[in-house]
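This is structure06.pdb (PDB, C-alpha atoms).
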```
ATOM      1  CA  PHE A 760     -29.161 -69.484   3.625
ATOM      2  CA  PHE A 761     -30.031 -65.971   2.358
ATOM      3  CA  PHE A 762     -28.313 -64.320   5.333
ATOM      4  CA  THR A 763     -25.270 -66.549   4.888
ATOM      5  CA  VAL A 764     -24.911 -65.538   1.211
ATOM      6  CA  LEU A 765     -25.420 -61.848   2.116
ATOM      7  CA  HIS A 766     -22.776 -62.069   4.822
ATOM      8  CA  PHE A 767     -20.378 -63.817   2.441
ATOM      9  CA  THR A 768     -20.967 -61.187  -0.272
ATOM     10  CA  LYS A 769     -20.536 -58.318   2.180
ATOM     11  CA  SER A 770     -17.351 -59.830   3.565
ATOM     12  CA  LYS A 771     -15.995 -60.297   0.075
ATOM     13  CA  SER A 772     -16.761 -56.652  -0.836
ATOM     14  CA  THR A 773     -15.173 -55.375   2.375
ATOM     15  CA  SER A 774     -12.064 -57.473   1.771
ATOM     16  CA  LYS A 775     -11.771 -56.116  -1.762
ATOM     17  CA  SER A 776     -12.093 -52.521  -0.504
ATOM     18  CA  ILE A 777      -9.385 -53.070   2.100
ATOM     19  CA  THR A 778      -7.118 -54.620  -0.511
ATOM     20  CA  MET A 779      -7.546 -51.600  -2.815
ATOM     21  CA  LYS A 780      -6.788 -49.181   0.044
ATOM     22  CA  VAL A 781      -3.643 -51.085   0.964
ATOM     23  CA  ALA A 782      -2.527 -51.109  -2.678
ATOM     24  CA  LEU A 783      -3.118 -47.352  -2.965
ATOM     25  CA  PHE A 784      -1.181 -46.696   0.242
ATOM     26  CA  LEU A 785       1.751 -48.799  -0.949
ATOM     27  CA  SER A 786       1.738 -46.988  -4.290
ATOM     28  CA  LEU A 787       1.916 -43.591  -2.586
ATOM     29  CA  ALA A 788       4.655 -44.820  -0.264
ATOM     30  CA  VAL A 789       6.730 -46.030  -3.207
ATOM     31  CA  SER A 790       6.233 -42.700  -5.023
ATOM     32  CA  ALA A 791       7.273 -40.742  -1.936
ATOM     33  CA  ALA A 792      10.342 -42.913  -1.474
ATOM     34  CA  ALA A 793      11.290 -42.439  -5.108
ATOM     35  CA  PHE A 794      10.872 -38.673  -4.827
ATOM     36  CA  SER A 795      12.901 -38.513  -1.627
ATOM     37  CA  GLN A 796      15.788 -40.180  -3.432
ATOM     38  CA  GLN A 797      15.852 -37.482  -6.088
ATOM     39  CA  SER A 798      18.298 -34.674  -5.627
ATOM     40  CA  ARG A 799      17.047 -31.159  -5.053
ATOM     41  CA  ARG A 800      18.519 -30.078  -8.353
ATOM     42  CA  GLU A 801      16.524 -32.672 -10.272
ATOM     43  CA  ALA A 802      13.309 -31.631  -8.554
ATOM     44  CA  PHE A 803      13.801 -27.955  -9.380
ATOM     45  CA  ALA A 804      14.733 -28.875 -12.933
ATOM     46  CA  LYS A 805      11.372 -30.571 -13.355
ATOM     47  CA  VAL A 806       9.554 -27.561 -11.870
ATOM     48  CA  ALA A 807      11.424 -25.214 -14.214
ATOM     49  CA  ALA A 808      10.546 -27.439 -17.136
ATOM     50  CA  GLY A 809       6.888 -27.207 -16.143
ATOM     51  CA  ILE A 810       7.086 -23.417 -15.912
ATOM     52  CA  ALA A 811       8.767 -23.241 -19.293
ATOM     53  CA  PHE A 812       5.950 -25.245 -20.845
ATOM     54  CA  VAL A 813       3.187 -22.798 -19.829
ATOM     55  CA  PRO A 814       4.404 -19.653 -21.636
ATOM     56  CA  ALA A 815       5.415 -21.722 -24.640
ATOM     57  CA  ALA A 816       1.754 -22.165 -25.513
ATOM     58  CA  ALA A 817       0.867 -18.499 -24.996
ATOM     59  CA  ASN A 818       3.962 -16.996 -26.592
ATOM     60  CA  ALA A 819       4.845 -19.561 -29.233
ATOM     61  CA  ALA A 820       6.247 -18.606 -32.622
ATOM     62  CA  ALA A 821       7.473 -20.698 -35.528
ATOM     63  CA  GLY A 822      11.160 -21.541 -35.227
ATOM     64  CA  GLU A 823      11.435 -19.879 -31.804
ATOM     65  CA  SER A 824      12.395 -21.542 -28.569
ATOM     66  CA  PRO A 825       9.966 -21.296 -25.647
ATOM     67  CA  ARG A 826      10.488 -18.221 -23.495
ATOM     68  CA  PHE A 827       9.797 -17.902 -19.780
ATOM     69  CA  SER A 828      10.734 -15.747 -16.829
ATOM     70  CA  VAL A 829      10.882 -16.297 -13.082
ATOM     71  CA  PHE A 830      10.151 -12.934 -11.405
ATOM     72  CA  GLY A 831      12.347 -11.203 -13.967
ATOM     73  CA  LEU A 832      15.467 -12.795 -12.498
ATOM     74  CA  LEU A 833      15.744 -15.920 -14.618
ATOM     75  CA  GLY A 834      14.834 -16.393 -18.234
ATOM     76  CA  ASP A 835      13.371 -13.751 -20.529
ATOM     77  CA  GLY A 836      11.867 -10.827 -18.615
ATOM     78  CA  THR A 837       9.845  -9.704 -21.659
ATOM     79  CA  SER A 838       7.961 -12.990 -22.048
ATOM     80  CA  TYR A 839       4.184 -13.164 -21.671
ATOM     81  CA  SER A 840       4.536 -15.316 -18.594
ATOM     82  CA  GLU A 841       6.038 -12.380 -16.724
ATOM     83  CA  GLY A 842       3.984  -9.357 -17.716
ATOM     84  CA  ALA A 843       6.643  -7.095 -16.223
ATOM     85  CA  ALA A 844      10.350  -6.833 -16.772
ATOM     86  CA  TYR A 845      11.168  -5.365 -13.333
ATOM     87  CA  GLY A 846      13.315  -2.680 -14.901
ATOM     88  CA  SER A 847      15.430  -5.099 -16.922
ATOM     89  CA  ASP A 848      14.181  -3.463 -20.121
ATOM     90  CA  GLN A 849      14.893   0.081 -18.910
ATOM     91  CA  SER A 850      17.968   2.036 -19.949
ATOM     92  CA  SER A 851      17.923   4.065 -16.710
ATOM     93  CA  PRO A 852      16.894   3.382 -13.087
ATOM     94  CA  LEU A 853      13.168   3.201 -12.437
ATOM     95  CA  TYR A 854      11.537   6.349 -11.064
ATOM     96  CA  SER A 855       8.346   8.341 -11.309
ATOM     97  CA  ALA A 856       8.540  11.498 -13.348
ATOM     98  CA  TYR A 857       6.405  13.195 -10.675
ATOM     99  CA  SER A 858       8.212  11.803  -7.641
ATOM    100  CA  VAL A 859      10.108  14.020  -5.218
ATOM    101  CA  TYR A 860      12.710  11.237  -5.131
ATOM    102  CA  GLY A 861      13.368  11.206  -8.864
ATOM    103  CA  GLU A 862      16.762  12.654  -9.636
ATOM    104  CA  GLN A 863      16.839  11.840 -13.326
ATOM    105  CA  ALA A 864      17.364  14.382 -16.092
ATOM    106  CA  GLY A 865      13.801  13.883 -17.343
ATOM    107  CA  SER A 866      12.151  14.364 -13.954
ATOM    108  CA  LEU A 867       9.207  16.751 -14.023
ATOM    109  CA  TYR A 868       9.505  17.559 -10.321
ATOM    110  CA  LYS A 869      11.762  20.514  -9.558
ATOM    111  CA  PRO A 870      12.167  21.297  -5.840
ATOM    112  CA  ASN A 871      12.952  24.958  -6.564
ATOM    113  CA  ASP A 872      10.252  25.421  -9.172
ATOM    114  CA  PRO A 873       8.624  28.863  -8.571
ATOM    115  CA  ALA A 874       5.233  27.436  -9.540
ATOM    116  CA  VAL A 875       5.477  24.837  -6.746
ATOM    117  CA  ASN A 876       6.294  27.428  -4.108
ATOM    118  CA  LYS A 877       3.547  29.691  -5.441
ATOM    119  CA  ARG A 878       1.015  26.921  -4.989
ATOM    120  CA  LYS A 879       2.216  26.248  -1.439
ATOM    121  CA  MET A 880       1.851  29.922  -0.548
ATOM    122  CA  ALA A 881      -1.669  29.877  -1.992
ATOM    123  CA  VAL A 882      -2.521  26.921   0.246
ATOM    124  CA  ILE A 883      -1.184  28.758   3.298
ATOM    125  CA  ALA A 884      -3.202  31.893   2.416
ATOM    126  CA  GLU A 885      -6.407  29.872   2.005
ATOM    127  CA  SER A 886      -5.698  28.054   5.268
ATOM    128  CA  LYS A 887      -5.771  31.376   7.101
ATOM    129  CA  VAL A 888      -9.202  32.056   5.592
ATOM    130  CA  ARG A 889     -10.416  28.649   6.814
ATOM    131  CA  LEU A 890      -9.061  29.317  10.299
ATOM    132  CA  GLY A 891     -11.045  32.546  10.339
ATOM    133  CA  ASN A 892     -14.249  30.499   9.982
ATOM    134  CA  LEU A 893     -13.670  28.586  13.195
ATOM    135  CA  GLU A 894     -14.823  31.221  15.689
ATOM    136  CA  ALA A 895     -18.376  31.250  14.274
ATOM    137  CA  TYR A 896     -18.567  27.458  14.504
ATOM    138  CA  ILE A 897     -17.217  27.480  18.052
ATOM    139  CA  ALA A 898     -19.764  30.115  19.122
ATOM    140  CA  LYS A 899     -22.551  27.852  17.833
ATOM    141  CA  LYS A 900     -20.871  24.768  19.333
ATOM    142  CA  GLN A 901     -20.762  23.162  15.904
ATOM    143  CA  TRP A 902     -17.830  20.936  16.797
ATOM    144  CA  PHE A 903     -18.134  18.791  13.692
ATOM    145  CA  ASN A 904     -17.693  21.908  11.507
ATOM    146  CA  VAL A 905     -14.609  22.919  13.484
ATOM    147  CA  LYS A 906     -12.960  19.530  12.913
ATOM    148  CA  ASP A 907     -14.102  19.345   9.293
ATOM    149  CA  GLU A 908     -12.619  22.771   8.568
ATOM    150  CA  LEU A 909      -9.292  21.640  10.000
ATOM    151  CA  THR A 910      -9.184  18.491   7.870
ATOM    152  CA  ARG A 911     -11.151  19.225   4.692
ATOM    153  CA  TYR A 912      -9.077  21.774   2.767
ATOM    154  CA  MET A 913      -6.404  22.085   5.419
ATOM    155  CA  TYR A 914      -5.340  18.518   4.744
ATOM    156  CA  GLU A 915      -2.887  20.225   2.373
ATOM    157  CA  THR A 916      -1.757  22.807   4.926
ATOM    158  CA  ARG A 917       0.847  20.680   6.694
ATOM    159  CA  GLY A 918       2.532  19.733   3.429
ATOM    160  CA  ALA A 919       2.616  23.335   2.279
ATOM    161  CA  VAL A 920       3.980  24.619   5.584
ATOM    162  CA  ARG A 921       6.630  21.905   5.813
ATOM    163  CA  GLY A 922       7.570  22.480   2.194
ATOM    164  CA  MET A 923       8.193  26.182   2.790
ATOM    165  CA  ALA A 924       9.982  25.709   6.113
ATOM    166  CA  GLN A 925      13.671  25.483   5.245
ATOM    167  CA  THR A 926      15.567  27.198   8.055
ATOM    168  CA  PRO A 927      15.599  26.137  11.746
ATOM    169  CA  VAL A 928      13.594  29.262  12.665
ATOM    170  CA  GLN A 929      10.957  28.485  10.047
ATOM    171  CA  LYS A 930      10.722  24.859  11.117
ATOM    172  CA  GLU A 931      10.265  25.870  14.754
ATOM    173  CA  ALA A 932       7.517  28.329  13.790
ATOM    174  CA  ALA A 933       5.858  25.572  11.741
ATOM    175  CA  GLU A 934       5.842  23.204  14.738
ATOM    176  CA  ASP A 935       4.256  25.906  16.911
ATOM    177  CA  PHE A 936       1.490  26.331  14.326
ATOM    178  CA  PHE A 937       0.888  22.577  14.155
ATOM    179  CA  LYS A 938       0.558  22.387  17.941
ATOM    180  CA  ALA A 939      -1.996  25.212  17.884
ATOM    181  CA  ILE A 940      -4.285  23.557  15.336
ATOM    182  CA  GLU A 941      -3.924  20.218  17.129
ATOM    183  CA  ALA A 942      -5.056  21.904  20.354
ATOM    184  CA  THR A 943      -8.028  23.349  18.468
ATOM    185  CA  THR A 944      -9.027  19.902  17.206
ATOM    186  CA  LEU A 945      -8.616  18.339  20.654
ATOM    187  CA  ASN A 946     -10.751  20.940  22.423
ATOM    188  CA  ALA A 947     -13.419  20.671  19.729
ATOM    189  CA  THR A 948     -13.521  16.924  20.326
ATOM    190  CA  LEU A 949     -13.835  17.511  24.076
ATOM    191  CA  ASN A 950     -16.487  20.230  23.503
ATOM    192  CA  LYS A 951     -14.470  22.777  25.496
ATOM    193  CA  GLN A 952     -15.721  26.041  24.058
ATOM    194  CA  ALA A 953     -13.424  28.545  25.772
ATOM    195  CA  ALA A 954     -10.276  26.470  25.255
ATOM    196  CA  CYS A 955     -11.196  25.764  21.643
ATOM    197  CA  SER A 956     -11.769  29.452  20.934
ATOM    198  CA  ALA A 957      -8.408  30.380  22.473
ATOM    199  CA  ALA A 958      -6.626  27.659  20.489
ATOM    200  CA  ALA A 959      -8.272  28.770  17.231
ATOM    201  CA  ALA A 960      -7.167  32.365  17.786
ATOM    202  CA  ASP A 961      -3.685  31.160  18.682
ATOM    203  CA  SER A 962      -3.470  29.087  15.495
ATOM    204  CA  ILE A 963      -4.068  32.240  13.392
ATOM    205  CA  LYS A 964      -1.335  34.093  15.270
ATOM    206  CA  LYS A 965       1.074  31.171  14.884
ATOM    207  CA  LEU A 966       0.369  30.936  11.151
ATOM    208  CA  ASP A 967       1.018  34.686  10.784
ATOM    209  CA  ALA A 968       4.267  34.271  12.723
ATOM    210  CA  PHE A 969       5.342  31.461  10.409
ATOM    211  CA  THR A 970       4.438  33.434   7.263
ATOM    212  CA  ALA A 971       6.509  36.364   8.546
ATOM    213  CA  THR A 972       9.635  34.163   8.494
ATOM    214  CA  LEU A 973       9.309  33.354   4.788
TER     215      LEU A 973
END
```

Reformat the file's structure so that it appears as structure tokens.
Amino acid sequence: FFFTVLHFTKSKSTSKSITMKVALFLSLAVSAAAFSQQSRREAFAKVAAGIAFVPAAANAAAGESPRFSVFGLLGDGTSYSEGAAYGSDQSSPLYSAYSVYGEQAGSLYKPNDPAVNKRKMAVIAESKVRLGNLEAYIAKKQWFNVKDELTRYMYETRGAVRGMAQTPVQKEAAEDFFKAIEATTLNATLNKQAACSAAAADSIKKLDAFTATL
């Protein structure tokens, strides 16, 4: 009798669980069907209404309508929900005052500024000093020092050389110099002492040849 009652109770519980699962499934199916019958415009309207509600709480003011923005394209680009106006609050096109691409009247970058060219020439002069250190490193087979010298300070060398190279002759001389220091780096990596020494000496000559064109 005990086992019969237990089986009956268990069967009743299982049946109830199945009934609840079926009811839940039917409820979801009805909701999906109802949503599928909505137009796309109605769905987006509800999403927009939800977005509008969020900034209303953070940026609410007495007698003021809720403000919101969608990537600065829709709504109020200055609202708290956005955090950025994507240039919509600027009176002139966006640019960096220090950018080489800024062509605004207030740009601080001047391509023909004597101070800029003076700094580039200083970099080139110091680069020649650094190249003069290579032979001692090569003689001691300190390959890591050779490569470090070509990348540590001389990271600025390419920019300075390219910045000063304006004519076709200057640009060709600059490319010859770049090839020489690249050969120096390669031979240092391969531990080829004689080839590295020759490339280092050639890089000094090529830099002098480039400087002579300025």

Contacts of Lys899 of chain A within 12 Å, all atoms listed in the file, excl. fewer than 4 positions in-chain, as number ranges by chain: A: 892-895, 903-905, 947, 950, 952, 956

Would you kindly translate the PyMOL selection byres ((chain A and resi 960) around 12) into the concrete residues it picks from this file, as a compact mmCIF listing (two decimals) with C-alpha atoms, in the coordinates of the input?
```
# COMPACT_ATOMS: atom_id res chain seq x y z
CA LYS A 887 -5.77 31.38 7.10
CA LEU A 890 -9.06 29.32 10.30
CA GLY A 891 -11.04 32.55 10.34
CA ASN A 892 -14.25 30.50 9.98
CA LEU A 893 -13.67 28.59 13.20
CA GLU A 894 -14.82 31.22 15.69
CA ALA A 895 -18.38 31.25 14.27
CA ILE A 897 -17.22 27.48 18.05
CA PHE A 936 1.49 26.33 14.33
CA ALA A 939 -2.00 25.21 17.88
CA ILE A 940 -4.28 23.56 15.34
CA ALA A 942 -5.06 21.90 20.35
CA THR A 943 -8.03 23.35 18.47
CA ALA A 953 -13.42 28.54 25.77
CA ALA A 954 -10.28 26.47 25.26
CA CYS A 955 -11.20 25.76 21.64
CA SER A 956 -11.77 29.45 20.93
CA ALA A 957 -8.41 30.38 22.47
CA ALA A 958 -6.63 27.66 20.49
CA ALA A 959 -8.27 28.77 17.23
CA ASP A 961 -3.68 31.16 18.68
CA SER A 962 -3.47 29.09 15.50
CA ILE A 963 -4.07 32.24 13.39
CA LYS A 964 -1.34 34.09 15.27
CA LYS A 965 1.07 31.17 14.88
CA LEU A 966 0.37 30.94 11.15
CA ASP A 967 1.02 34.69 10.78
```

May I ask for the distance between atom CA of Val888 of chain A and atom CA of Lys869 of chain A, given in Å to one decimal place?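 Between atom CA of Val888 of chain A and atom CA of Lys869 of chain A the gap works out to 28.3 Å.
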
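For the pair atom CA of Ala898 of chain A and atom CA of Glu941 of chain A, the separation is 18.8 Å.
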
For atom CA of Thr970 of chain A and atom CA of Pro873 of chain A, the interatomic separation in Å (one decimal):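 About the pair atom CA of Thr970 of chain A and atom CA of Pro873 of chain A: they are 17.0 Å apart.
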
Evaluate the PyMOL selection byres ((chain A and resi 908-918) around 7) here and jot the selected residues down as a list in words.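 For this structure, the PyMOL selection byres ((chain A and resi 908-918) around 7) captures Val882, Ile883, Ser886, Arg889, Asn904, Val905, Lys906, Asp907, Ala919, Val920, Arg921 and Gly922 of chain A.
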
Within 10 Å of Thr926 of chain A, counting all atoms listed in the file, which residues qualify if same-chain residues fewer than 5 places away don't, as a list in words? Glu931, Ala932, Thr972 and Leu973 of chain A

Please write the residues from the selection above to a file, keeping C-alpha atoms, as a PDB file, in the frame of the given file.
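Below you can see again-v3.pdb, which holds the result:
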```pdb
ATOM      1  CA  GLU A 931      10.265  25.870  14.754  1.00  0.00           C
ATOM      2  CA  ALA A 932       7.517  28.329  13.790  1.00  0.00           C
ATOM      3  CA  THR A 972       9.635  34.163   8.494  1.00  0.00           C
ATOM      4  CA  LEU A 973       9.309  33.354   4.788  1.00  0.00           C
TER       5      LEU A 973
END
```

Would you give the centre and edge lengths, in Å to one decimal, of a box along x, y and z around the listed atoms of segment 900-908 of chain A, with 3 Å added to each side, as lines of an AutoDock Vina configuration file?
```
center_x = -16.7
center_y = 21.8
center_z = 14.0
size_x = 14.3
size_y = 12.0
size_z = 16.8
```

Would you kindly return, as a list of chain:residue names, each protein, DNA or RNA residue with an atom no farther than 9 Å from any atom of Met923 of chain A, considering all atoms listed in the file and excluding same-chain residues fewer than 6 positions away? A:Asn876, A:Lys879, A:Met880, A:Gln929, A:Lys930, A:Leu973

Proximity to Glu934 of chain A - best of A:Ala881, A:Val875, A:Leu949, A:Ala968, all atoms listed in the file: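 Among the listed residues, the smallest separation from Glu934 of chain A belongs to A:Ala968.
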